[in-house]
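Read through the structure below, which is laid out as structure tokens, and then see the notes.
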Amino acid sequence: MKKVQIAFVLLGMFFAEFAIAQQAPTAPAAPTAPARRRPVEIQDPNAPATKYDYHDLFAPFFYTKNGNDQRAATGEPGPGYWQNRADYTLDVKLNDETNEISGSEILTYTNNSPLKMNFIWMQLDQNLFKKDSRGSAIVPITGSRNGGASQDFDAGYKIKSVKVMNGDKAVDAKYLIEDTRMQVFLPAELQAKGGKLKLNIEYSFISPQYGSDRTGYVETKNGKVFTIAQWYPRMCVFDDVMGWNTVPYTGPGEFYLEYGDFNLNITAHSKIIVVASGELQNPAEVYTPEQLKRWELAKKSEQTVIIRSAEEVTNPTSRPAKTMLTWKFKINNARDASWGASAAFIIDAAKMNLPSGKSSIAISAYPIESDGKNAWGRSTEYVKKSIEYNSKKWYEFPYPAATAVAGGPGGMEYPGIVFCGMNAKNAGLMGVNDHEFGHTWFPMIVGSNERLYGWMDEGFNTFINSLSTADFNNGEYKSKWEPDMHMMGNAFTAPGLEPVLSYVDNYKERNNGTLSYSKPGAGLTLLREQILGKERFDYAFQTYINRWAFKHPTPDDFFRTIENVSGETLQWFWRGWFVNNWRLDVSVRNVRYVDSTDYSKGSFITLDNLEKMAMPVVLEIKTVTGKTSRIKLPVEIWERNTNWTFKYPSTEAIESVTYDPDKVLPDFNPTNNVWKKPS
């Protein structure tokens, strides 16, 4: 319909309604209700210029999708949630002289999705270290921790064969390798809702010495220490959000993996001790009788027990008298598996007590260079206490063992095993062990997509680390420095900083510590300490972990869970702290009295919000006689206002008003936080 026609239709409707009203019989006059006074908005001529737009922060439609059968609007998995599965049997051999890992993988892949498949995608992460990889191409001339291709060696996977197994028959499968991904074309369609595929892949690769600070080896005086990860072709995740998740591995983004059971068989020279994800299945074959006795003691001991001492490292009788040994490990319902190996290892262990009454074992493996009471001699104690705390606080540790390996990587996590810097000591070692094993909860238990959302594991882990560190040994390593969120808020919201809700590969490497770790971690602390309170937050956070244990949540699933469980609308907070890089700057503008000659009649205090972010308000009010009081105002004062004036029941003159006196809010500009009585 043309605009002119629409105008005439609307005009006709108006006159028709007017005529009907004129012809209607006159009703008896009803009692007149008192007129409701409409508030009159008065522009404050003294208000300063502001960047704050309350409709930007509190805008509707934060969530762009409704809940569905897979992911409910409450943030929990829906009744139709599905997830695929990948089980692995891995048989490899380590050549410690050439640094080659070679062997075979049997993958059993279960397609629980409602869609049939003609092909699958797998990750070939070792291809990052090829000179012509995408990851190598994007390393700047200033260097990167994610580099590795500058090393002169024959890098990347060598795929010997890919076969589809059908009973006793094996059929060669066509495959296409593109950088760090391999597409395998299936000779027969993989059925939906439970269809199974079995692949046999023969492969090898040469370990880089420095593998993007996640894998590799380091030389010690008693032999190389290998920390081996991303060491087998791994399934890409197929989910209800993206379908195939095939973002290439270029270094910054970590991993997104399916869950399954792992059987590991690692063959090496008998001088080498191997530690790995999961539980050792054949200890009698790979340790001496005396060491087996020590293992049994360690399983029951609250104190660290030495399994292989520093003195025994150079003693050939501390190893079985064979040429080669195969170490067998098993870990169930895990998203990955990794291992460490060295002839130089000291091994110690202790019992870990879990809330259910079950026990697990904490293990440390480290060279002589790392030994000592102020260094790795306390590693097992750190692992034990960290895991016991987080198991009680959040969710029980799910693995039969937790092993810390001292090697080349500064800190890297895998299910049941972590790699930490061999030179770490005291608080530094406790901190890295605590952090890497904190990753048991994020992303090993709660399997978020690290390749895209690094903050959902690093940031959440940084948050739980703050609590476990404070708890350790009655605060032995608790920082004596009280955090100043004014100073930190300035750094967290510096102009030009990308938003937290960015892909890991999509922000500057120098900003990784802020955007993946400290800013999201501080965001959870703000929620817990200043917005929701500890009880509401902890219950909501525990619920999130329990809902998504061994599943794949998205950012929306987290946001919705915290809101629904806490009963609080927090979209303003997600929008300001995570989705945008907005700043907080609240000013105490002035104080005036109801009666300028009689202070006892109360006062009006005016605040201005000058930036894009908002938070609840805490004010400390001090009178001329030295009395102090605190006032708390909800964030809703900023829901439709750029400035706020409220009446304070003062009974005497006010000396000062201080916004955020404890410096717990990220107000980046503290110069306007205090109003003082004019002299």
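So you can find residues: chains in the structure tokens are A, B, ... in the order shown, residues in each start at 1, and ligands are numbered from 1 in order.
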
Looking only at the backbone, which of the residues in segment 65-314 of chain A does DSSP tag as strand (DSSP E), as a compact mmCIF listing (two decimals) with N, CA, C and O atoms, in the first residue's frame?
# COMPACT_ATOMS: atom_id res chain seq x y z
N ARG A 85 31.50 -38.51 20.56
CA ARG A 85 32.47 -39.14 21.44
C ARG A 85 33.64 -39.68 20.64
O ARG A 85 33.48 -40.17 19.51
N ALA A 86 34.85 -39.58 21.22
CA ALA A 86 36.05 -40.10 20.57
C ALA A 86 36.87 -40.91 21.58
O ALA A 86 37.32 -40.37 22.59
N ASP A 87 37.01 -42.20 21.32
CA ASP A 87 37.83 -43.09 22.16
C ASP A 87 39.10 -43.45 21.40
O ASP A 87 39.07 -43.68 20.18
N TYR A 88 40.22 -43.51 22.13
CA TYR A 88 41.51 -43.72 21.47
C TYR A 88 42.31 -44.84 22.13
O TYR A 88 42.35 -44.95 23.36
N THR A 89 42.95 -45.65 21.30
CA THR A 89 44.03 -46.53 21.73
C THR A 89 45.27 -46.09 20.97
O THR A 89 45.30 -46.09 19.73
N LEU A 90 46.30 -45.68 21.73
CA LEU A 90 47.50 -45.07 21.14
C LEU A 90 48.72 -45.91 21.49
O LEU A 90 49.03 -46.10 22.67
N ASP A 91 49.39 -46.42 20.47
CA ASP A 91 50.61 -47.22 20.63
C ASP A 91 51.75 -46.48 19.95
O ASP A 91 51.79 -46.40 18.71
N VAL A 92 52.69 -45.94 20.74
CA VAL A 92 53.79 -45.18 20.14
C VAL A 92 55.12 -45.57 20.76
O VAL A 92 55.19 -46.14 21.86
N LYS A 93 56.17 -45.22 20.05
CA LYS A 93 57.53 -45.46 20.51
C LYS A 93 58.29 -44.14 20.51
O LYS A 93 58.19 -43.36 19.56
N LEU A 94 59.03 -43.89 21.58
CA LEU A 94 59.87 -42.69 21.68
C LEU A 94 61.31 -43.07 21.38
O LEU A 94 61.89 -43.95 22.04
N ASN A 95 61.91 -42.40 20.42
CA ASN A 95 63.34 -42.50 20.17
C ASN A 95 63.97 -41.25 20.78
O ASN A 95 63.87 -40.16 20.22
N GLU A 100 62.01 -38.67 17.81
CA GLU A 100 60.88 -39.10 16.99
C GLU A 100 59.87 -39.88 17.84
O GLU A 100 60.24 -40.72 18.67
N ILE A 101 58.60 -39.57 17.62
CA ILE A 101 57.49 -40.33 18.18
C ILE A 101 56.78 -40.99 17.00
O ILE A 101 56.38 -40.30 16.05
N SER A 102 56.66 -42.30 17.03
CA SER A 102 56.05 -43.01 15.91
C SER A 102 55.15 -44.12 16.42
O SER A 102 55.38 -44.67 17.50
N GLY A 103 54.12 -44.44 15.65
CA GLY A 103 53.24 -45.51 16.07
C GLY A 103 51.90 -45.47 15.38
O GLY A 103 51.79 -45.01 14.23
N SER A 104 50.88 -45.92 16.10
CA SER A 104 49.55 -46.03 15.49
C SER A 104 48.48 -45.57 16.47
O SER A 104 48.68 -45.56 17.69
N GLU A 105 47.38 -45.20 15.89
CA GLU A 105 46.21 -44.75 16.65
C GLU A 105 44.99 -45.52 16.15
O GLU A 105 44.78 -45.62 14.93
N ILE A 106 44.23 -46.06 17.07
CA ILE A 106 42.93 -46.60 16.72
C ILE A 106 41.88 -45.68 17.34
O ILE A 106 41.81 -45.54 18.57
N LEU A 107 41.14 -45.03 16.48
CA LEU A 107 40.10 -44.09 16.90
C LEU A 107 38.73 -44.74 16.71
O LEU A 107 38.43 -45.25 15.63
N THR A 108 37.93 -44.72 17.77
CA THR A 108 36.53 -45.13 17.66
C THR A 108 35.68 -43.89 17.87
O THR A 108 35.69 -43.31 18.96
N TYR A 109 35.01 -43.46 16.82
CA TYR A 109 34.24 -42.21 16.84
C TYR A 109 32.75 -42.54 16.80
O TYR A 109 32.29 -43.31 15.94
N THR A 110 32.01 -41.96 17.75
CA THR A 110 30.57 -42.19 17.82
C THR A 110 29.84 -40.92 17.44
O THR A 110 30.02 -39.87 18.07
N ASN A 111 29.00 -41.03 16.42
CA ASN A 111 28.22 -39.89 15.94
C ASN A 111 26.85 -39.88 16.60
O ASN A 111 25.92 -40.56 16.17
N MET A 117 27.08 -38.48 8.23
CA MET A 117 28.35 -37.89 7.85
C MET A 117 28.98 -38.66 6.70
O MET A 117 29.04 -39.89 6.73
N ASN A 118 29.48 -37.90 5.72
CA ASN A 118 30.24 -38.49 4.63
C ASN A 118 31.75 -38.30 4.82
O ASN A 118 32.54 -38.91 4.10
N PHE A 119 32.12 -37.45 5.75
CA PHE A 119 33.53 -37.20 6.05
C PHE A 119 33.64 -36.74 7.50
O PHE A 119 32.65 -36.38 8.14
N ILE A 120 34.85 -36.76 8.01
CA ILE A 120 35.13 -36.22 9.33
C ILE A 120 36.35 -35.31 9.23
O ILE A 120 37.12 -35.38 8.25
N TRP A 121 36.54 -34.47 10.24
CA TRP A 121 37.71 -33.60 10.32
C TRP A 121 38.53 -33.96 11.55
O TRP A 121 37.97 -34.20 12.63
N MET A 122 39.85 -33.94 11.39
CA MET A 122 40.76 -34.21 12.50
C MET A 122 41.79 -33.09 12.60
O MET A 122 42.08 -32.38 11.63
N GLN A 123 42.36 -32.95 13.80
CA GLN A 123 43.37 -31.92 14.06
C GLN A 123 44.77 -32.53 13.95
O GLN A 123 45.05 -33.56 14.57
N LYS A 158 53.87 -37.04 9.71
CA LYS A 158 54.03 -37.89 8.53
C LYS A 158 52.95 -38.97 8.65
O LYS A 158 53.03 -39.86 9.50
N ILE A 159 51.92 -38.86 7.84
CA ILE A 159 50.81 -39.82 7.88
C ILE A 159 51.13 -40.96 6.92
O ILE A 159 51.19 -40.77 5.70
N LYS A 160 51.35 -42.14 7.48
CA LYS A 160 51.70 -43.30 6.66
C LYS A 160 50.45 -43.92 6.04
O LYS A 160 50.47 -44.30 4.86
N SER A 161 49.38 -44.02 6.82
CA SER A 161 48.14 -44.61 6.29
C SER A 161 46.97 -44.22 7.16
O SER A 161 47.12 -43.96 8.35
N VAL A 162 45.79 -44.18 6.54
CA VAL A 162 44.52 -43.98 7.23
C VAL A 162 43.57 -45.06 6.71
O VAL A 162 43.26 -45.09 5.51
N LYS A 163 43.14 -45.93 7.59
CA LYS A 163 42.29 -47.04 7.18
C LYS A 163 41.00 -47.05 7.99
O LYS A 163 41.02 -46.82 9.21
N VAL A 164 39.90 -47.33 7.32
CA VAL A 164 38.62 -47.54 7.98
C VAL A 164 38.49 -49.02 8.29
O VAL A 164 38.63 -49.86 7.40
N MET A 165 38.23 -49.32 9.57
CA MET A 165 38.15 -50.70 10.02
C MET A 165 36.70 -51.15 10.04
O MET A 165 35.82 -50.46 10.55
N ASN A 166 36.49 -52.34 9.49
CA ASN A 166 35.16 -52.95 9.51
C ASN A 166 35.34 -54.42 9.85
O ASN A 166 35.57 -55.25 8.98
N LYS A 169 38.37 -56.39 8.38
CA LYS A 169 38.73 -55.76 7.13
C LYS A 169 39.18 -54.32 7.35
O LYS A 169 38.68 -53.62 8.23
N ALA A 170 40.13 -53.89 6.54
CA ALA A 170 40.63 -52.51 6.59
C ALA A 170 40.61 -51.93 5.19
O ALA A 170 41.13 -52.54 4.25
N VAL A 171 39.98 -50.79 5.04
CA VAL A 171 39.86 -50.13 3.75
C VAL A 171 40.59 -48.80 3.79
O VAL A 171 40.37 -47.99 4.70
N ASP A 172 41.49 -48.57 2.85
CA ASP A 172 42.19 -47.29 2.78
C ASP A 172 41.18 -46.17 2.57
O ASP A 172 40.29 -46.27 1.71
N LYS A 174 40.47 -42.13 1.68
CA LYS A 174 41.04 -40.94 1.08
C LYS A 174 41.06 -39.83 2.13
O LYS A 174 40.12 -39.68 2.91
N TYR A 175 42.14 -39.07 2.14
CA TYR A 175 42.22 -37.97 3.09
C TYR A 175 42.91 -36.77 2.45
O TYR A 175 43.70 -36.91 1.52
N LEU A 176 42.60 -35.61 2.98
CA LEU A 176 43.14 -34.35 2.48
C LEU A 176 43.68 -33.56 3.67
O LEU A 176 42.95 -33.31 4.64
N ILE A 177 44.95 -33.19 3.62
CA ILE A 177 45.56 -32.43 4.71
C ILE A 177 45.67 -30.97 4.29
O ILE A 177 46.22 -30.65 3.23
N GLU A 178 45.11 -30.09 5.11
CA GLU A 178 45.20 -28.66 4.89
C GLU A 178 45.72 -28.01 6.17
O GLU A 178 44.99 -27.87 7.16
N ARG A 181 44.82 -29.39 9.72
CA ARG A 181 43.59 -30.17 9.72
C ARG A 181 43.64 -31.25 8.65
O ARG A 181 44.29 -31.07 7.61
N MET A 182 42.97 -32.35 8.93
CA MET A 182 42.89 -33.44 7.96
C MET A 182 41.43 -33.84 7.79
O MET A 182 40.75 -34.14 8.76
N GLN A 183 40.97 -33.83 6.55
CA GLN A 183 39.62 -34.27 6.22
C GLN A 183 39.71 -35.71 5.71
O GLN A 183 40.45 -36.01 4.77
N VAL A 184 38.97 -36.59 6.38
CA VAL A 184 38.96 -38.01 6.01
C VAL A 184 37.61 -38.31 5.36
O VAL A 184 36.55 -38.12 5.97
N PHE A 185 37.65 -38.79 4.12
CA PHE A 185 36.43 -39.11 3.38
C PHE A 185 36.07 -40.57 3.62
O PHE A 185 36.91 -41.47 3.46
N LEU A 186 34.83 -40.80 4.01
CA LEU A 186 34.42 -42.13 4.44
C LEU A 186 33.90 -42.95 3.26
O LEU A 186 33.11 -42.44 2.44
N PRO A 187 34.31 -44.21 3.17
CA PRO A 187 33.82 -45.05 2.08
C PRO A 187 32.33 -45.39 2.20
O PRO A 187 31.68 -45.71 1.21
N ALA A 188 31.80 -45.30 3.42
CA ALA A 188 30.37 -45.51 3.64
C ALA A 188 29.88 -44.46 4.63
O ALA A 188 30.60 -44.03 5.53
N GLU A 189 28.65 -44.05 4.44
CA GLU A 189 28.08 -42.98 5.26
C GLU A 189 28.02 -43.39 6.74
O GLU A 189 27.60 -44.50 7.06
N LEU A 190 28.47 -42.49 7.61
CA LEU A 190 28.38 -42.73 9.05
C LEU A 190 26.99 -42.34 9.53
O LEU A 190 26.57 -41.19 9.36
N GLY A 195 25.83 -43.92 15.30
CA GLY A 195 26.68 -44.59 14.33
C GLY A 195 28.14 -44.55 14.76
O GLY A 195 28.62 -43.56 15.30
N LYS A 196 28.88 -45.65 14.52
CA LYS A 196 30.27 -45.74 14.97
C LYS A 196 31.22 -45.91 13.79
O LYS A 196 30.91 -46.60 12.81
N LEU A 197 32.37 -45.27 13.92
CA LEU A 197 33.43 -45.33 12.92
C LEU A 197 34.72 -45.73 13.63
O LEU A 197 35.04 -45.20 14.69
N LYS A 198 35.48 -46.66 13.03
CA LYS A 198 36.78 -47.03 13.60
C LYS A 198 37.85 -46.78 12.54
O LYS A 198 37.77 -47.28 11.42
N LEU A 199 38.83 -45.97 12.92
CA LEU A 199 39.96 -45.65 12.04
C LEU A 199 41.25 -46.17 12.64
O LEU A 199 41.44 -46.15 13.88
N ASN A 200 42.15 -46.60 11.76
CA ASN A 200 43.51 -46.96 12.18
C ASN A 200 44.46 -46.04 11.42
O ASN A 200 44.51 -46.07 10.19
N ILE A 201 45.19 -45.22 12.15
CA ILE A 201 46.09 -44.24 11.54
C ILE A 201 47.52 -44.55 11.99
O ILE A 201 47.81 -44.63 13.19
N GLU A 202 48.42 -44.72 11.03
CA GLU A 202 49.84 -44.89 11.32
C GLU A 202 50.53 -43.56 11.01
O GLU A 202 50.31 -42.98 9.94
N TYR A 203 51.38 -43.12 11.92
CA TYR A 203 51.95 -41.78 11.78
C TYR A 203 53.26 -41.67 12.55
O TYR A 203 53.62 -42.54 13.36
N SER A 204 53.94 -40.56 12.35
CA SER A 204 55.14 -40.22 13.12
C SER A 204 55.36 -38.72 13.03
O SER A 204 54.79 -38.04 12.17
N PHE A 205 56.21 -38.21 13.93
CA PHE A 205 56.65 -36.81 13.86
C PHE A 205 57.89 -36.65 14.71
O PHE A 205 58.16 -37.47 15.60
N ILE A 206 58.64 -35.62 14.42
CA ILE A 206 59.81 -35.25 15.22
C ILE A 206 59.39 -34.16 16.19
O ILE A 206 58.85 -33.13 15.78
N TYR A 210 61.24 -26.61 21.18
CA TYR A 210 60.31 -25.65 21.75
C TYR A 210 59.02 -25.70 20.94
O TYR A 210 58.98 -25.27 19.79
N GLY A 211 57.98 -26.24 21.51
CA GLY A 211 56.72 -26.43 20.81
C GLY A 211 55.65 -25.49 21.29
O GLY A 211 54.71 -25.89 21.98
N THR A 215 54.77 -28.06 24.37
CA THR A 215 55.33 -29.39 24.18
C THR A 215 56.79 -29.24 23.79
O THR A 215 57.25 -28.13 23.50
N GLY A 216 57.54 -30.34 23.81
CA GLY A 216 58.94 -30.28 23.42
C GLY A 216 59.84 -31.02 24.38
O GLY A 216 59.42 -31.96 25.06
N TYR A 217 61.09 -30.59 24.45
CA TYR A 217 62.02 -31.24 25.38
C TYR A 217 63.07 -30.23 25.82
O TYR A 217 63.30 -29.21 25.18
N VAL A 218 63.70 -30.54 26.96
CA VAL A 218 64.76 -29.69 27.50
C VAL A 218 65.91 -30.59 27.91
O VAL A 218 65.72 -31.71 28.38
N GLU A 219 67.13 -30.13 27.69
CA GLU A 219 68.32 -30.90 28.05
C GLU A 219 68.65 -30.71 29.53
O GLU A 219 68.63 -29.59 30.04
N THR A 220 68.96 -31.80 30.23
CA THR A 220 69.48 -31.74 31.60
C THR A 220 70.76 -32.57 31.66
O THR A 220 71.07 -33.31 30.72
N GLY A 223 70.05 -36.28 31.04
CA GLY A 223 69.23 -36.69 29.91
C GLY A 223 68.15 -35.68 29.59
O GLY A 223 67.88 -34.74 30.35
N LYS A 224 67.52 -35.88 28.45
CA LYS A 224 66.44 -35.00 28.02
C LYS A 224 65.18 -35.24 28.86
O LYS A 224 64.89 -36.36 29.24
N VAL A 225 64.44 -34.15 29.10
CA VAL A 225 63.11 -34.26 29.69
C VAL A 225 62.12 -33.93 28.58
O VAL A 225 62.06 -32.80 28.09
N PHE A 226 61.33 -34.93 28.18
CA PHE A 226 60.32 -34.76 27.15
C PHE A 226 58.97 -34.43 27.80
O PHE A 226 58.57 -35.08 28.77
N THR A 227 58.30 -33.42 27.27
CA THR A 227 56.91 -33.12 27.65
C THR A 227 56.11 -33.16 26.36
O THR A 227 56.17 -32.22 25.55
N ILE A 228 55.37 -34.22 26.15
CA ILE A 228 54.80 -34.53 24.83
C ILE A 228 53.29 -34.31 24.83
O ILE A 228 52.55 -34.93 25.58
N ARG A 234 43.84 -35.78 16.35
CA ARG A 234 42.72 -35.69 17.29
C ARG A 234 41.46 -35.26 16.55
O ARG A 234 41.50 -34.45 15.64
N MET A 235 40.33 -35.78 17.01
CA MET A 235 39.05 -35.44 16.39
C MET A 235 38.71 -33.97 16.60
O MET A 235 38.87 -33.43 17.70
N PHE A 238 32.36 -31.81 16.54
CA PHE A 238 31.17 -31.54 15.74
C PHE A 238 30.05 -31.26 16.74
O PHE A 238 29.71 -32.13 17.54
N ASP A 239 29.50 -30.02 16.73
CA ASP A 239 28.51 -29.68 17.75
C ASP A 239 27.30 -28.98 17.14
O ASP A 239 27.24 -28.76 15.92
N GLY A 243 28.64 -26.84 13.92
CA GLY A 243 28.90 -28.01 13.09
C GLY A 243 30.33 -28.44 13.33
O GLY A 243 30.75 -28.63 14.47
N TRP A 244 31.13 -28.59 12.28
CA TRP A 244 32.55 -28.92 12.45
C TRP A 244 33.32 -27.69 12.91
O TRP A 244 33.25 -26.64 12.30
N GLY A 260 36.24 -38.97 25.75
CA GLY A 260 36.28 -40.40 25.48
C GLY A 260 37.25 -41.09 26.43
O GLY A 260 37.78 -40.48 27.36
N ASP A 261 37.47 -42.37 26.21
CA ASP A 261 38.41 -43.16 27.00
C ASP A 261 39.71 -43.32 26.24
O ASP A 261 39.71 -43.48 25.00
N PHE A 262 40.83 -43.31 26.96
CA PHE A 262 42.16 -43.39 26.36
C PHE A 262 42.93 -44.58 26.93
O PHE A 262 42.99 -44.75 28.15
N ASN A 263 43.51 -45.35 26.04
CA ASN A 263 44.49 -46.37 26.41
C ASN A 263 45.80 -46.00 25.75
O ASN A 263 45.89 -45.90 24.51
N LEU A 264 46.83 -45.79 26.58
CA LEU A 264 48.12 -45.34 26.08
C LEU A 264 49.16 -46.43 26.29
O LEU A 264 49.29 -46.98 27.39
N ASN A 265 49.90 -46.74 25.25
CA ASN A 265 51.01 -47.68 25.32
C ASN A 265 52.23 -46.98 24.75
O ASN A 265 52.31 -46.74 23.54
N ILE A 266 53.19 -46.64 25.64
CA ILE A 266 54.34 -45.82 25.26
C ILE A 266 55.61 -46.63 25.48
O ILE A 266 55.93 -46.99 26.63
N THR A 267 56.32 -46.91 24.41
CA THR A 267 57.53 -47.72 24.48
C THR A 267 58.75 -46.82 24.40
O THR A 267 58.83 -45.92 23.56
N ALA A 268 59.70 -47.05 25.32
CA ALA A 268 60.93 -46.26 25.36
C ALA A 268 62.05 -47.11 25.94
O ALA A 268 61.82 -48.20 26.48
N HIS A 269 63.27 -46.61 25.86
CA HIS A 269 64.41 -47.30 26.47
C HIS A 269 64.16 -47.46 27.97
O HIS A 269 63.57 -46.58 28.61
N ILE A 273 61.91 -43.10 32.45
CA ILE A 273 60.66 -43.21 33.21
C ILE A 273 59.61 -42.39 32.49
O ILE A 273 59.86 -41.24 32.08
N VAL A 274 58.43 -42.95 32.33
CA VAL A 274 57.32 -42.28 31.65
C VAL A 274 56.21 -42.00 32.66
O VAL A 274 55.86 -42.88 33.47
N VAL A 275 55.68 -40.80 32.63
CA VAL A 275 54.48 -40.44 33.40
C VAL A 275 53.46 -39.92 32.40
O VAL A 275 53.82 -39.34 31.38
N ALA A 276 52.18 -40.14 32.70
CA ALA A 276 51.17 -39.79 31.69
C ALA A 276 49.83 -39.54 32.34
O ALA A 276 49.63 -39.78 33.55
N GLU A 279 46.02 -43.59 34.99
CA GLU A 279 46.60 -44.53 35.95
C GLU A 279 47.51 -45.52 35.24
O GLU A 279 47.15 -46.09 34.20
N LEU A 280 48.70 -45.73 35.81
CA LEU A 280 49.64 -46.71 35.28
C LEU A 280 49.07 -48.12 35.49
O LEU A 280 48.71 -48.50 36.60
N VAL A 305 56.19 -39.03 49.62
CA VAL A 305 57.06 -40.20 49.68
C VAL A 305 57.93 -40.22 48.42
O VAL A 305 57.43 -40.08 47.31
N ILE A 306 59.23 -40.40 48.60
CA ILE A 306 60.15 -40.47 47.47
C ILE A 306 60.06 -41.87 46.84
O ILE A 306 60.26 -42.88 47.51
N ILE A 307 59.77 -41.91 45.55
CA ILE A 307 59.70 -43.18 44.82
C ILE A 307 61.05 -43.49 44.18
O ILE A 307 61.53 -44.62 44.24
N ARG A 308 61.63 -42.50 43.58
CA ARG A 308 62.98 -42.61 43.02
C ARG A 308 63.75 -41.36 43.42
O ARG A 308 63.38 -40.24 43.04

Neighbouring residues of Asp598 of chain A were defined as those with any atom within 9 Å, considering only C-alpha atoms; residues of the same chain fewer than 4 positions away were excluded. Please report them as a ChimeraX atom specification.
/A:593-594,602,651-653

Out of A:Leu607, A:Ile445, A:Trp548, A:Asp371, which residue has the shortest atom-to-atom distance to Asn46 of chain A when counting only C-alpha atoms?
A:Leu607

Can you pull out every residue within 7 Å of segment 245-257 of chain A, counting only C-alpha atoms, but drop anything in the same chain fewer than 5 positions away, and send it as a CSV table (one decimal) with N, CA and C atoms, in the first residue's frame?
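Contents of selection_35.csv, as written:
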chain,number,residue,atom,x,y,z
A,125,ASP,N,47.9,-31.0,15.0
A,125,ASP,CA,48.5,-29.8,15.6
A,125,ASP,C,50.0,-29.7,15.4
A,128,LEU,N,51.7,-27.2,12.9
A,128,LEU,CA,52.0,-25.8,13.3
A,128,LEU,C,53.5,-25.6,13.1
A,134,ARG,N,50.4,-21.9,8.5
A,134,ARG,CA,49.8,-20.6,8.8
A,134,ARG,C,50.3,-20.0,10.0
A,135,GLY,N,50.5,-20.8,11.1
A,135,GLY,CA,51.0,-20.2,12.3
A,135,GLY,C,52.4,-19.6,12.2
A,146,ASN,N,54.3,-18.4,20.5
A,146,ASN,CA,53.6,-19.4,19.7
A,146,ASN,C,54.4,-19.8,18.5
A,180,THR,N,46.8,-27.5,9.6
A,180,THR,CA,46.7,-28.3,10.8
A,180,THR,C,45.5,-29.1,10.9
A,181,ARG,N,44.8,-29.4,9.7
A,181,ARG,CA,43.6,-30.2,9.7
A,181,ARG,C,43.6,-31.3,8.7
A,212,SER,N,55.8,-24.2,21.0
A,212,SER,CA,54.8,-23.2,21.3
A,212,SER,C,54.5,-23.1,22.8
A,235,MET,N,40.3,-35.8,17.0
A,235,MET,CA,39.1,-35.4,16.4
A,235,MET,C,38.7,-34.0,16.6
A,236,CYS,N,38.3,-33.3,15.5
A,236,CYS,CA,37.6,-32.0,15.7
A,236,CYS,C,36.2,-32.2,16.3
A,237,VAL,N,35.8,-31.2,17.0
A,237,VAL,CA,34.4,-31.3,17.6
A,237,VAL,C,33.4,-31.0,16.6
A,238,PHE,N,32.4,-31.8,16.5
A,238,PHE,CA,31.2,-31.5,15.7
A,238,PHE,C,30.1,-31.3,16.7
A,335,ARG,N,39.2,-35.5,27.7
A,335,ARG,CA,39.2,-34.9,26.4
A,335,ARG,C,40.6,-34.9,25.7
A,448,SER,N,34.8,-26.1,27.5
A,448,SER,CA,34.5,-25.0,26.7
A,448,SER,C,35.4,-25.0,25.5
A,449,ASN,N,35.1,-24.1,24.5
A,449,ASN,CA,35.9,-24.0,23.3
A,449,ASN,C,37.0,-23.1,23.4
A,450,GLU,N,38.2,-23.6,23.9
A,450,GLU,CA,39.4,-22.7,24.1
A,450,GLU,C,39.9,-22.1,22.8
A,451,ARG,N,39.7,-22.7,21.7
A,451,ARG,CA,40.2,-22.2,20.5
A,451,ARG,C,39.6,-20.8,20.2
A,452,LEU,N,38.3,-20.6,20.6
A,452,LEU,CA,37.6,-19.4,20.4
A,452,LEU,C,37.6,-18.5,21.7
A,454,GLY,N,39.2,-18.2,25.0
A,454,GLY,CA,40.2,-18.5,26.0
A,454,GLY,C,39.8,-18.1,27.4
A,504,VAL,N,40.6,-15.7,20.6
A,504,VAL,CA,42.0,-15.6,21.0
A,504,VAL,C,42.9,-15.2,19.9
A,505,ASP,N,42.7,-15.6,18.7
A,505,ASP,CA,43.6,-15.3,17.6
A,505,ASP,C,43.3,-13.8,17.2

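Distances here use only C-alpha atoms; by that measure, the residue among A:Pro678, A:Pro634, A:Gly377, A:Pro553 closest to Arg71 of chain A is A:Pro553.
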
Quick one: residues within 6 Å of segment 351-365 of chain A, only C-alpha atoms, excluding same-chain residues fewer than 6 positions away - as a PyMOL selection string?
chain A and resi 299-302+345+380+384+392+400-405

Near Lys612 of chain A, counting only C-alpha atoms, which residues have an atom at most 8 Å away, once you skip same-chain residues fewer than 6 positions from it, shown as a count of residues only?
8

Tell me which protein, DNA and RNA residues are within 10 Å of Lys551 of chain A, counting only C-alpha atoms, leaving out same-chain ones fewer than 4 positions away, and put them as JSON, numbers by chain.
{"A": [77, 81, 82, 83, 84, 258, 259, 443, 444, 445, 446, 447, 448, 545, 546, 547]}

Backbone DSSP call of alpha helix (DSSP H) for segment 516-549 of chain A, listed as a PyMOL selection string
chain A and resi 519-526+534-548

Between A:Asn112, A:Asn580, A:Ser468, A:Thr514, which has the minimum distance to Leu501 of chain A (counting only C-alpha atoms)?
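Between A:Asn112, A:Asn580, A:Ser468, A:Thr514, the residue approaching Leu501 of chain A most closely is A:Asn580.
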
May I have the residues within 10 Å of Asn374 of chain A as a PyMOL selection string, using only C-alpha atoms and disregarding those fewer than 6 positions away in the same chain?
chain A and resi 424-427+429

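Taking only C-alpha atoms into account, Thr561 of chain A lies nearest to A:Ala540 out of the set A:Ala522, A:Leu610, A:Ala540, A:Met615.
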